Amino acid sequence: MKAGDLLPRTICDIPMLLFRDKDGHATAIKDACSHRLAPLSAGVYQDGEVMCRYHGLRFGKGGKCVHNPHGQITDALSVRSWATVERHDLIWLWMGDIKAADDSLIPDLSFIDRTPAHGKFTGYLPTKANFELCTDNILDLTHTDYLHPDTLGGGGLTRAKEKVKVEGNIVTVRWENPNEVAPPALDRELDRPGSLANTFTEVVWYPPAVMKLCVHVEPVDPLNGSPVESVTMHIMTPEGAMKTHYFVLSTRNFRTDDPGYNEALGKFVNNIFATEDKPMLEAQQARMGTGDLWACNPALLPIDNAAVRARRILAHMIEKENNGEAA
Amino acid sequence: MKAGDLLPRTICDIPMLLFRDKDGHATAIKDACSHRLAPLSAGVYQDGEVMCRYHGLRFGKGGKCVHNPHGQITDALSVRSWATVERHDLIWLWMGDIKAADDSLIPDLSFIDRTPAHGKFTGYLPTKANFELCTDNILDLTHTDYLHPDTLGGGGLTRAKEKVKVEGNIVTVRWENPNEVAPPALDRELDRPGSLANTFTEVVWYPPAVMKLCVHVEPVDPLNGSPVESVTMHIMTPEGAMKTHYFVLSTRNFRTDDPGYNEALGKFVNNIFATEDKPMLEAQQARMGTGDLWACNPALLPIDNAAVRARRILAHMIEKENNGEAA
Amino acid sequence: MKAGDLLPRTICDIPMLLFRDKDGHATAIKDACSHRLAPLSAGVYQDGEVMCRYHGLRFGKGGKCVHNPHGQITDALSVRSWATVERHDLIWLWMGDIKAADDSLIPDLSFIDRTPAHGKFTGYLPTKANFELCTDNILDLTHTDYLHPDTLGGGGLTRAKEKVKVEGNIVTVRWENPNEVAPPALDRELDRPGSLANTFTEVVWYPPAVMKLCVHVEPVDPLNGSPVESVTMHIMTPEGAMKTHYFVLSTRNFRTDDPGYNEALGKFVNNIFATEDKPMLEAQQARMGTGDLWACNPALLPIDNAAVRARRILAHMIEKENNGEAA
C-alpha cells in the first residue's frame, strides 16, 4: 500500500478502508461515512486524510472526523478504527477492542525481513471458502501428491507419514524424507541435481491462521553442496464465513539476487495455487454448503491430525474469549 | 408508451403490465395470467388487448378477460388492475383500492405542460437503492458540491445553508445565493455571463416521492438580461424495498426551440445522474444492507433537515393508513 | 455415457457422480469424497474406478472405497450409492433405499428399443422451473396452438377438447381430430400431403414424471398411404425444487434410415423446446416465486384436467410413502 492509496478490504464481514496517514502509518477505518454510510473508499485522498465524496466530510488517523463543511465536528462524526502494526512486510490488524491490541502476539516471521528483495515474492488469492478449510489445506500437505503431482508433490509426503507436535497454542507438523532424491523444484537447485538428500517439510501453525512452511533439502554427501531451503508464510484472513483472503509470502536461500527468476517463480507458484488449490477449496466449500466441517460428518484420516489439533485450539480460544477469559 | 407497446414494470414488488386500450387510455394490469401466471408482457398485443402466449386467453381494459378459447369467461379469469391517469407527460398509478383512487392528490406539475417540446427532456434510471435514499439525495443538494463539483455543484449550496419549511404534508427546502456569480451551467445562459446574480435553488417535496427542483438566476443589474430558470421533476417509484425507478423530467425557460441543444443537455445531465448519483446511492444501500437508515445509526447533520422531515411525514401517513384513517 | 466418463448430475439437490464400472455397468455415487467432500467428478477415472484428486482415495462400484494411501480401508470411507438400471436407452435411478429398488416400476418404453438408430433423437434441457410445471406443459398440449402456432400447433388441439382417463396411477389424455388435414409437421410426411386424415394425440403419464406422447395420423382414404406416427418420451427429473433436468427422446415410423434428416429434425424440435417452452416455464416459475402452484391461486380451466389428476396422484403417493405405506 503506497501513500495516497485508498485500499478497501472486507474483513470478518466488516468493510474497512486502509490508507496511510500524514506520517506514513497504516490506518484502518470503517469504509462507511458516519453521516450516511457512503463508502469512503470512493472518496478522495488528501494529504493523509480521506474526504467523503458525498458531502465532503474528512477523516484522518484513527477515523477522527477532521473537517465538516456543514457544522460542528462532534465525536459522533468519527468512524470506527482498528489497531494496526506493520511488521514483516505485512499490515497486522487487531479486530477487537483497540485498547487491548497486543502486538507481542504476532508470530516471529523475521525470516521475511532477513530475505533480500529478490529472494521473496508475494501472492494474494481471494477464495470462496471458509478460512479453516484453507488452513487445513496447508496443515495436510499430502494433498500435494494428488493435487499437484507433477510440480509441488510427487509422493514423498504420503510415504513419509506426518509427525505432529503441539506446544501451547502452536501446532507443528513435520514430514521427513531421508536419503531420497529431493522433490524436483528443489532438487534442481542443488549443486548436483539427482544426488541423495535428507529432506524435511515442516509447517508451524500459529492461531488464528498464520503458517510458516519450510522445505529443507540437505545433500547426504556434503561434497554435493550446501542445503537449499524455501520458507513460505501462508495467512488466511476471513472476509466472511465462506470467503477468505489468502496471502502468501515465499522466501528462499538460493538465487536471491535474480529479479527475473524471482518473478518467474512467483508466477509459477501463484498459478498453481490459483488453478489447483483455489478451485478445490471452493468446490469443497460448495459441497459443504453453509454448514461447518463437522456437520458434514467427514471420515477423518491420520493425515488430518494437525488440522484437527489446530481447529480444536482455535475453538477453545474462541470459547475462552467469549467467556471473558484471557485466551 | 405508444399504442401497441407492452411495457412490463415491477412496482412495489408487483409485476405489472402497461399498455393502451382501444381508446388509447393507459391500462395497468398484473403481468401474470390468471390461469397459470405466464407473464402477459410476453404475450401478443392485438387491438387494445393482450393475448397470453401460453394458452391464448385475452385481456382488455381493466384486466377483464375478453376471450377464453377453452371455455366460459368467468370473473375469476380477470386479472387485477390499477387506476391510472395521464397528466403532465406521465402515467400516474394508484397502488391501493381502485375505487379509492383520487387524482386530486397528484401535485400540480403544470410547468411541464407549459414547456414546449424542445424545452424539456426526460431520464429514467433503475437504481438499486431504497426510494427514500433517492429522495434524500434531492432534498439535500449540498451533495452537488462534492459529488458533482465541476458540473452541477461548485460550493454555493454548502455556503448558502438551507431553509426548510413544512406546510401540511409538503416540505420545501431553499438555498439562497444573493449577489454571486451563478453556477456555470446557468451563468453561461445569461446575456452577460460572469455578471453578479441573485440565485435561489428550491426543492418542493410532495408525498410519497415527487419533487420539483427549481434553480432561478436573476441578474442583479436588470440591464444584464432577464432571469434564467430550470425546473426539474424527480420522481422515485419503488420497484421493491431496495430498488427504485428514478424518473426525471427537466424543463427550462431558455433555448426551448433547439432540438439539438435539448438532446445534448439531456445526455449531459442524465450521464451525471447515471455515473455519479446512481453509483453513490447503490454503494450507500450496499453498506446499509437490508436494514433501514435508522438501524444504521447515521450521524445526521443540519443538511439532512428536509429529508428527515419528509421521511417523518411519510412514516406518519403510512401509520395513519395502516390504522384505517385518512392520510 | 461412455466408459471413462465422469458425469456429475445433481438430482433432488443431491450431487451425484455417474460412471461405468469395470464391467461397463452404470454406477451412481455421491459426488463428494467421504474424507473431506471434495467433488469426485473433479477426480481421475482409472479402470472402472475414480480417484479423488485431493488426497488420492479411490472408489469403485457401489461407492466402495478400494484404495486409501493414508491408512486402512474402513466402511466409513465408502460413499453413498444409488441403484441403477439401464433400459430403453436410459439410466434409471432409484432415489430411495437401495434394497427396495424395484425395476418393475419402470414404464414400458420399448418403442424406443424397437426404433432404429436413425429413427430417433434425444434432447436435454436444464430448466429453471419445478418439474411439475414441466409435466403440466406436456399434459396440456393446447399450449402448442399459442406457444408454437406455426410449428407444432395450429389450433387443432384447442378445437378437439381433451378426454382424460385415469387407470390406477396412470393418467391418459387424448385429443381426436377426425377428418381434418393433419398438422403440417406430419401432413407433409403423408403420401399425399393435404389429404384428409384421422389424427389423434395422446399423452400417457406415469408417476413421478415420465410421459409418452404419441401423434398418430391415418389418411381417411387408405389409398392415400399408410399412417405416420411419432412417439416421444418426456422425462422431468428434479434437480431441485425449482430446477429440472428435462429429457426428451423422440421416435417416428417414417424416414428412419436417413441420419441427416434425423439430425436436422432433432435440431429443429429441440430448438423449439429451448426457445419457446423453456423460457415460458422459467418465466412462469419466476412469477410464482418459491411457492407451489396452489399457493398462487391459479384459475384452472378444463384443459388442466390431466395435469391436476397427475398432481393429485403424485401427492397421494408421496403422502402414502411418508406414512410408511406402499405406494
# chains A, B, ... in the order shown; residues from 1 in each chain; ligands from 1

$ residues_around --residues "A:Leu37" --least-positions-apart "3" --cutoff "12 Å" --atoms "only C-alpha atoms" --output "PDB file with N, CA, C and O atoms, in the first residue's frame"
ATOM      1  N   PRO A  15     -16.705  -3.947   6.240  1.00  0.00           N
ATOM      2  CA  PRO A  15     -15.991  -3.237   5.174  1.00  0.00           C
ATOM      3  C   PRO A  15     -15.014  -2.238   5.784  1.00  0.00           C
ATOM      4  O   PRO A  15     -15.416  -1.377   6.564  1.00  0.00           O
ATOM      5  N   LYS A  30     -13.464   2.176   9.295  1.00  0.00           N
ATOM      6  CA  LYS A  30     -14.655   1.614   8.670  1.00  0.00           C
ATOM      7  C   LYS A  30     -14.870   2.301   7.325  1.00  0.00           C
ATOM      8  O   LYS A  30     -14.761   3.522   7.216  1.00  0.00           O
ATOM      9  N   ASP A  31     -15.188   1.502   6.318  1.00  0.00           N
ATOM     10  CA  ASP A  31     -15.349   2.058   4.972  1.00  0.00           C
ATOM     11  C   ASP A  31     -16.794   2.497   4.754  1.00  0.00           C
ATOM     12  O   ASP A  31     -17.474   2.060   3.822  1.00  0.00           O
ATOM     13  N   ALA A  32     -17.276   3.360   5.665  1.00  0.00           N
ATOM     14  CA  ALA A  32     -18.648   3.862   5.571  1.00  0.00           C
ATOM     15  C   ALA A  32     -18.678   5.165   6.348  1.00  0.00           C
ATOM     16  O   ALA A  32     -18.365   5.188   7.544  1.00  0.00           O
ATOM     17  N   CYS A  33     -19.051   6.235   5.687  1.00  0.00           N
ATOM     18  CA  CYS A  33     -19.070   7.543   6.332  1.00  0.00           C
ATOM     19  C   CYS A  33     -20.046   7.522   7.504  1.00  0.00           C
ATOM     20  O   CYS A  33     -21.102   6.892   7.446  1.00  0.00           O
ATOM     21  N   SER A  34     -19.684   8.223   8.579  1.00  0.00           N
ATOM     22  CA  SER A  34     -20.540   8.275   9.766  1.00  0.00           C
ATOM     23  C   SER A  34     -21.872   8.957   9.460  1.00  0.00           C
ATOM     24  O   SER A  34     -22.869   8.687  10.110  1.00  0.00           O
ATOM     25  N   LEU A  40     -16.147   5.355   2.030  1.00  0.00           N
ATOM     26  CA  LEU A  40     -15.048   6.327   1.988  1.00  0.00           C
ATOM     27  C   LEU A  40     -14.008   5.924   0.953  1.00  0.00           C
ATOM     28  O   LEU A  40     -13.260   6.758   0.458  1.00  0.00           O
ATOM     29  N   SER A  41     -13.984   4.636   0.596  1.00  0.00           N
ATOM     30  CA  SER A  41     -13.030   4.190  -0.423  1.00  0.00           C
ATOM     31  C   SER A  41     -13.364   4.789  -1.784  1.00  0.00           C
ATOM     32  O   SER A  41     -12.534   4.793  -2.686  1.00  0.00           O
ATOM     33  N   ALA A  42     -14.595   5.306  -1.951  1.00  0.00           N
ATOM     34  CA  ALA A  42     -14.950   6.017  -3.184  1.00  0.00           C
ATOM     35  C   ALA A  42     -14.659   7.502  -3.037  1.00  0.00           C
ATOM     36  O   ALA A  42     -15.023   8.300  -3.899  1.00  0.00           O
ATOM     37  N   GLY A  43     -14.008   7.870  -1.937  1.00  0.00           N
ATOM     38  CA  GLY A  43     -13.721   9.277  -1.658  1.00  0.00           C
ATOM     39  C   GLY A  43     -12.413   9.736  -2.280  1.00  0.00           C
ATOM     40  O   GLY A  43     -11.886   9.117  -3.204  1.00  0.00           O
ATOM     41  N   CYS A  52     -14.983  12.288   2.123  1.00  0.00           N
ATOM     42  CA  CYS A  52     -16.150  11.590   1.598  1.00  0.00           C
ATOM     43  C   CYS A  52     -16.633  12.319   0.353  1.00  0.00           C
ATOM     44  O   CYS A  52     -16.778  13.544   0.350  1.00  0.00           O
ATOM     45  N   ARG A  53     -16.903  11.570  -0.687  1.00  0.00           N
ATOM     46  CA  ARG A  53     -17.296  12.157  -1.957  1.00  0.00           C
ATOM     47  C   ARG A  53     -18.756  12.600  -1.963  1.00  0.00           C
ATOM     48  O   ARG A  53     -19.200  13.263  -2.894  1.00  0.00           O
ATOM     49  N   TYR A  54     -19.504  12.225  -0.893  1.00  0.00           N
ATOM     50  CA  TYR A  54     -20.932  12.538  -0.934  1.00  0.00           C
ATOM     51  C   TYR A  54     -21.225  13.935  -0.380  1.00  0.00           C
ATOM     52  O   TYR A  54     -21.884  14.741  -1.034  1.00  0.00           O
ATOM     53  N   HIS A  55     -20.709  14.238   0.847  1.00  0.00           N
ATOM     54  CA  HIS A  55     -20.993  15.553   1.415  1.00  0.00           C
ATOM     55  C   HIS A  55     -19.760  16.246   1.979  1.00  0.00           C
ATOM     56  O   HIS A  55     -19.875  17.195   2.747  1.00  0.00           O
ATOM     57  N   LEU A  57     -17.272  15.463   4.183  1.00  0.00           N
ATOM     58  CA  LEU A  57     -16.631  15.271   5.484  1.00  0.00           C
ATOM     59  C   LEU A  57     -15.249  14.655   5.270  1.00  0.00           C
ATOM     60  O   LEU A  57     -15.054  13.869   4.347  1.00  0.00           O
ATOM     61  N   LEU A  77     -19.234  12.041  14.755  1.00  0.00           N
ATOM     62  CA  LEU A  77     -18.865  12.042  13.333  1.00  0.00           C
ATOM     63  C   LEU A  77     -17.654  11.156  13.037  1.00  0.00           C
ATOM     64  O   LEU A  77     -17.369  10.870  11.874  1.00  0.00           O
ATOM     65  N   SER A  78     -16.928  10.734  14.078  1.00  0.00           N
ATOM     66  CA  SER A  78     -15.787   9.851  13.825  1.00  0.00           C
ATOM     67  C   SER A  78     -16.271   8.476  13.390  1.00  0.00           C
ATOM     68  O   SER A  78     -17.398   8.081  13.676  1.00  0.00           O
ATOM     69  N   VAL A  79     -15.414   7.758  12.669  1.00  0.00           N
ATOM     70  CA  VAL A  79     -15.769   6.385  12.284  1.00  0.00           C
ATOM     71  C   VAL A  79     -14.868   5.421  13.042  1.00  0.00           C
ATOM     72  O   VAL A  79     -13.783   5.787  13.505  1.00  0.00           O
TER      73      VAL A  79
ATOM     74  N   LEU B 133     -33.731   6.779   0.029  1.00  0.00           N
ATOM     75  CA  LEU B 133     -32.345   7.242  -0.147  1.00  0.00           C
ATOM     76  C   LEU B 133     -32.262   8.159  -1.362  1.00  0.00           C
ATOM     77  O   LEU B 133     -31.534   9.152  -1.365  1.00  0.00           O
ATOM     78  N   MET B 280     -23.341   6.186  -6.231  1.00  0.00           N
ATOM     79  CA  MET B 280     -23.260   6.569  -4.827  1.00  0.00           C
ATOM     80  C   MET B 280     -24.456   6.022  -4.054  1.00  0.00           C
ATOM     81  O   MET B 280     -24.313   5.474  -2.958  1.00  0.00           O
ATOM     82  N   LEU B 281     -25.651   6.148  -4.625  1.00  0.00           N
ATOM     83  CA  LEU B 281     -26.849   5.646  -3.945  1.00  0.00           C
ATOM     84  C   LEU B 281     -26.765   4.129  -3.770  1.00  0.00           C
ATOM     85  O   LEU B 281     -27.114   3.588  -2.716  1.00  0.00           O
ATOM     86  N   GLU B 282     -26.282   3.447  -4.786  1.00  0.00           N
ATOM     87  CA  GLU B 282     -26.205   1.982  -4.708  1.00  0.00           C
ATOM     88  C   GLU B 282     -25.133   1.530  -3.721  1.00  0.00           C
ATOM     89  O   GLU B 282     -25.313   0.546  -3.000  1.00  0.00           O
ATOM     90  N   ALA B 283     -24.021   2.254  -3.663  1.00  0.00           N
ATOM     91  CA  ALA B 283     -22.960   1.902  -2.713  1.00  0.00           C
ATOM     92  C   ALA B 283     -23.446   2.135  -1.287  1.00  0.00           C
ATOM     93  O   ALA B 283     -23.188   1.336  -0.380  1.00  0.00           O
ATOM     94  N   GLN B 284     -24.170   3.241  -1.103  1.00  0.00           N
ATOM     95  CA  GLN B 284     -24.738   3.564   0.206  1.00  0.00           C
ATOM     96  C   GLN B 284     -25.691   2.445   0.641  1.00  0.00           C
ATOM     97  O   GLN B 284     -25.634   1.949   1.762  1.00  0.00           O
ATOM     98  N   GLN B 285     -26.566   2.028  -0.283  1.00  0.00           N
ATOM     99  CA  GLN B 285     -27.511   0.955   0.034  1.00  0.00           C
ATOM    100  C   GLN B 285     -26.763  -0.340   0.358  1.00  0.00           C
ATOM    101  O   GLN B 285     -27.124  -1.065   1.291  1.00  0.00           O
ATOM    102  N   ALA B 286     -25.722  -0.631  -0.407  1.00  0.00           N
ATOM    103  CA  ALA B 286     -24.957  -1.859  -0.169  1.00  0.00           C
ATOM    104  C   ALA B 286     -24.362  -1.840   1.238  1.00  0.00           C
ATOM    105  O   ALA B 286     -24.381  -2.850   1.949  1.00  0.00           O
ATOM    106  N   ARG B 287     -23.846  -0.689   1.665  1.00  0.00           N
ATOM    107  CA  ARG B 287     -23.298  -0.583   3.018  1.00  0.00           C
ATOM    108  C   ARG B 287     -24.386  -0.777   4.064  1.00  0.00           C
ATOM    109  O   ARG B 287     -24.150  -1.325   5.138  1.00  0.00           O
ATOM    110  N   MET B 288     -25.608  -0.303   3.765  1.00  0.00           N
ATOM    111  CA  MET B 288     -26.697  -0.388   4.732  1.00  0.00           C
ATOM    112  C   MET B 288     -27.287  -1.788   4.807  1.00  0.00           C
ATOM    113  O   MET B 288     -27.989  -2.106   5.759  1.00  0.00           O
ATOM    114  N   GLY B 289     -27.015  -2.622   3.810  1.00  0.00           N
ATOM    115  CA  GLY B 289     -27.614  -3.953   3.795  1.00  0.00           C
ATOM    116  C   GLY B 289     -29.111  -3.845   3.604  1.00  0.00           C
ATOM    117  O   GLY B 289     -29.598  -2.971   2.890  1.00  0.00           O
ATOM    118  N   ASP B 292     -33.068  -0.427   7.441  1.00  0.00           N
ATOM    119  CA  ASP B 292     -33.409   0.932   7.032  1.00  0.00           C
ATOM    120  C   ASP B 292     -32.349   1.891   7.566  1.00  0.00           C
ATOM    121  O   ASP B 292     -31.420   1.504   8.270  1.00  0.00           O
ATOM    122  N   LEU B 293     -32.485   3.158   7.194  1.00  0.00           N
ATOM    123  CA  LEU B 293     -31.459   4.145   7.542  1.00  0.00           C
ATOM    124  C   LEU B 293     -31.275   4.253   9.050  1.00  0.00           C
ATOM    125  O   LEU B 293     -30.157   4.296   9.556  1.00  0.00           O
ATOM    126  N   TRP B 294     -32.378   4.256   9.798  1.00  0.00           N
ATOM    127  CA  TRP B 294     -32.272   4.487  11.243  1.00  0.00           C
ATOM    128  C   TRP B 294     -31.525   3.353  11.930  1.00  0.00           C
ATOM    129  O   TRP B 294     -30.795   3.576  12.901  1.00  0.00           O
ATOM    130  N   ALA B 295     -31.680   2.134  11.409  1.00  0.00           N
ATOM    131  CA  ALA B 295     -30.987   0.990  12.004  1.00  0.00           C
ATOM    132  C   ALA B 295     -29.476   1.138  11.864  1.00  0.00           C
ATOM    133  O   ALA B 295     -28.715   0.477  12.572  1.00  0.00           O
ATOM    134  N   CYS B 296     -29.032   1.994  10.938  1.00  0.00           N
ATOM    135  CA  CYS B 296     -27.593   2.167  10.698  1.00  0.00           C
ATOM    136  C   CYS B 296     -27.009   3.276  11.552  1.00  0.00           C
ATOM    137  O   CYS B 296     -25.820   3.573  11.448  1.00  0.00           O
ATOM    138  N   ASN B 297     -27.853   3.916  12.372  1.00  0.00           N
ATOM    139  CA  ASN B 297     -27.343   4.940  13.270  1.00  0.00           C
ATOM    140  C   ASN B 297     -26.554   6.040  12.576  1.00  0.00           C
ATOM    141  O   ASN B 297     -25.414   6.335  12.953  1.00  0.00           O
ATOM    142  N   PRO B 298     -27.141   6.698  11.596  1.00  0.00           N
ATOM    143  CA  PRO B 298     -26.386   7.733  10.887  1.00  0.00           C
ATOM    144  C   PRO B 298     -26.185   8.951  11.786  1.00  0.00           C
ATOM    145  O   PRO B 298     -27.041   9.263  12.617  1.00  0.00           O
ATOM    146  N   ALA B 299     -25.047   9.628  11.639  1.00  0.00           N
ATOM    147  CA  ALA B 299     -24.795  10.860  12.395  1.00  0.00           C
ATOM    148  C   ALA B 299     -25.342  12.019  11.571  1.00  0.00           C
ATOM    149  O   ALA B 299     -24.644  12.580  10.730  1.00  0.00           O
ATOM    150  N   LEU B 300     -26.601  12.362  11.809  1.00  0.00           N
ATOM    151  CA  LEU B 300     -27.251  13.342  10.934  1.00  0.00           C
ATOM    152  C   LEU B 300     -26.692  14.750  11.138  1.00  0.00           C
ATOM    153  O   LEU B 300     -26.173  15.091  12.198  1.00  0.00           O
TER     154      LEU B 300
END

$ select_by_dssp --residues "stretch 88-235 of chain A" --states "strand (DSSP E or B)" --output "PyMOL selection string"
chain A and resi 90-94+120-127+163-167+170-181+196-206+210-219+228-235

$ closest_residue --among "B:Glu132, B:Asp21, B:Glu49, B:Asp103" --to "B:Met242" --atoms "only C-alpha atoms"
B:Glu132

$ atom_distance --atom1 "atom CA of A:Leu105" --atom2 "atom CA of A:Val171"
15.3 Å

$ residues_around --residues "A:Asn271" --least-positions-apart "5" --cutoff "12 Å" --atoms "only C-alpha atoms" --output "ChimeraX atom specification"
/A:123-125,148,151-152,264-266,276-279

$ closest_residue --among "C:Cys65, C:Val173, C:Ile98, C:Ala160" --to "chain B" --atoms "only C-alpha atoms"
C:Ala160

$ atom_distance --atom1 "atom CA of C:Asn177" --atom2 "atom CA of C:Gly156"
6.9 Å

$ atom_distance --atom1 "atom CA of B:Pro39" --atom2 "atom CA of B:Glu86"
24.5 Å

$ residues_around --residues "stretch 308-321 of chain B" --least-positions-apart "4" --cutoff "8 Å" --atoms "only C-alpha atoms" --output "VMD selection string"
chain B and resid 132 166 169 to 171 205 207 to 208 304 325 to 327
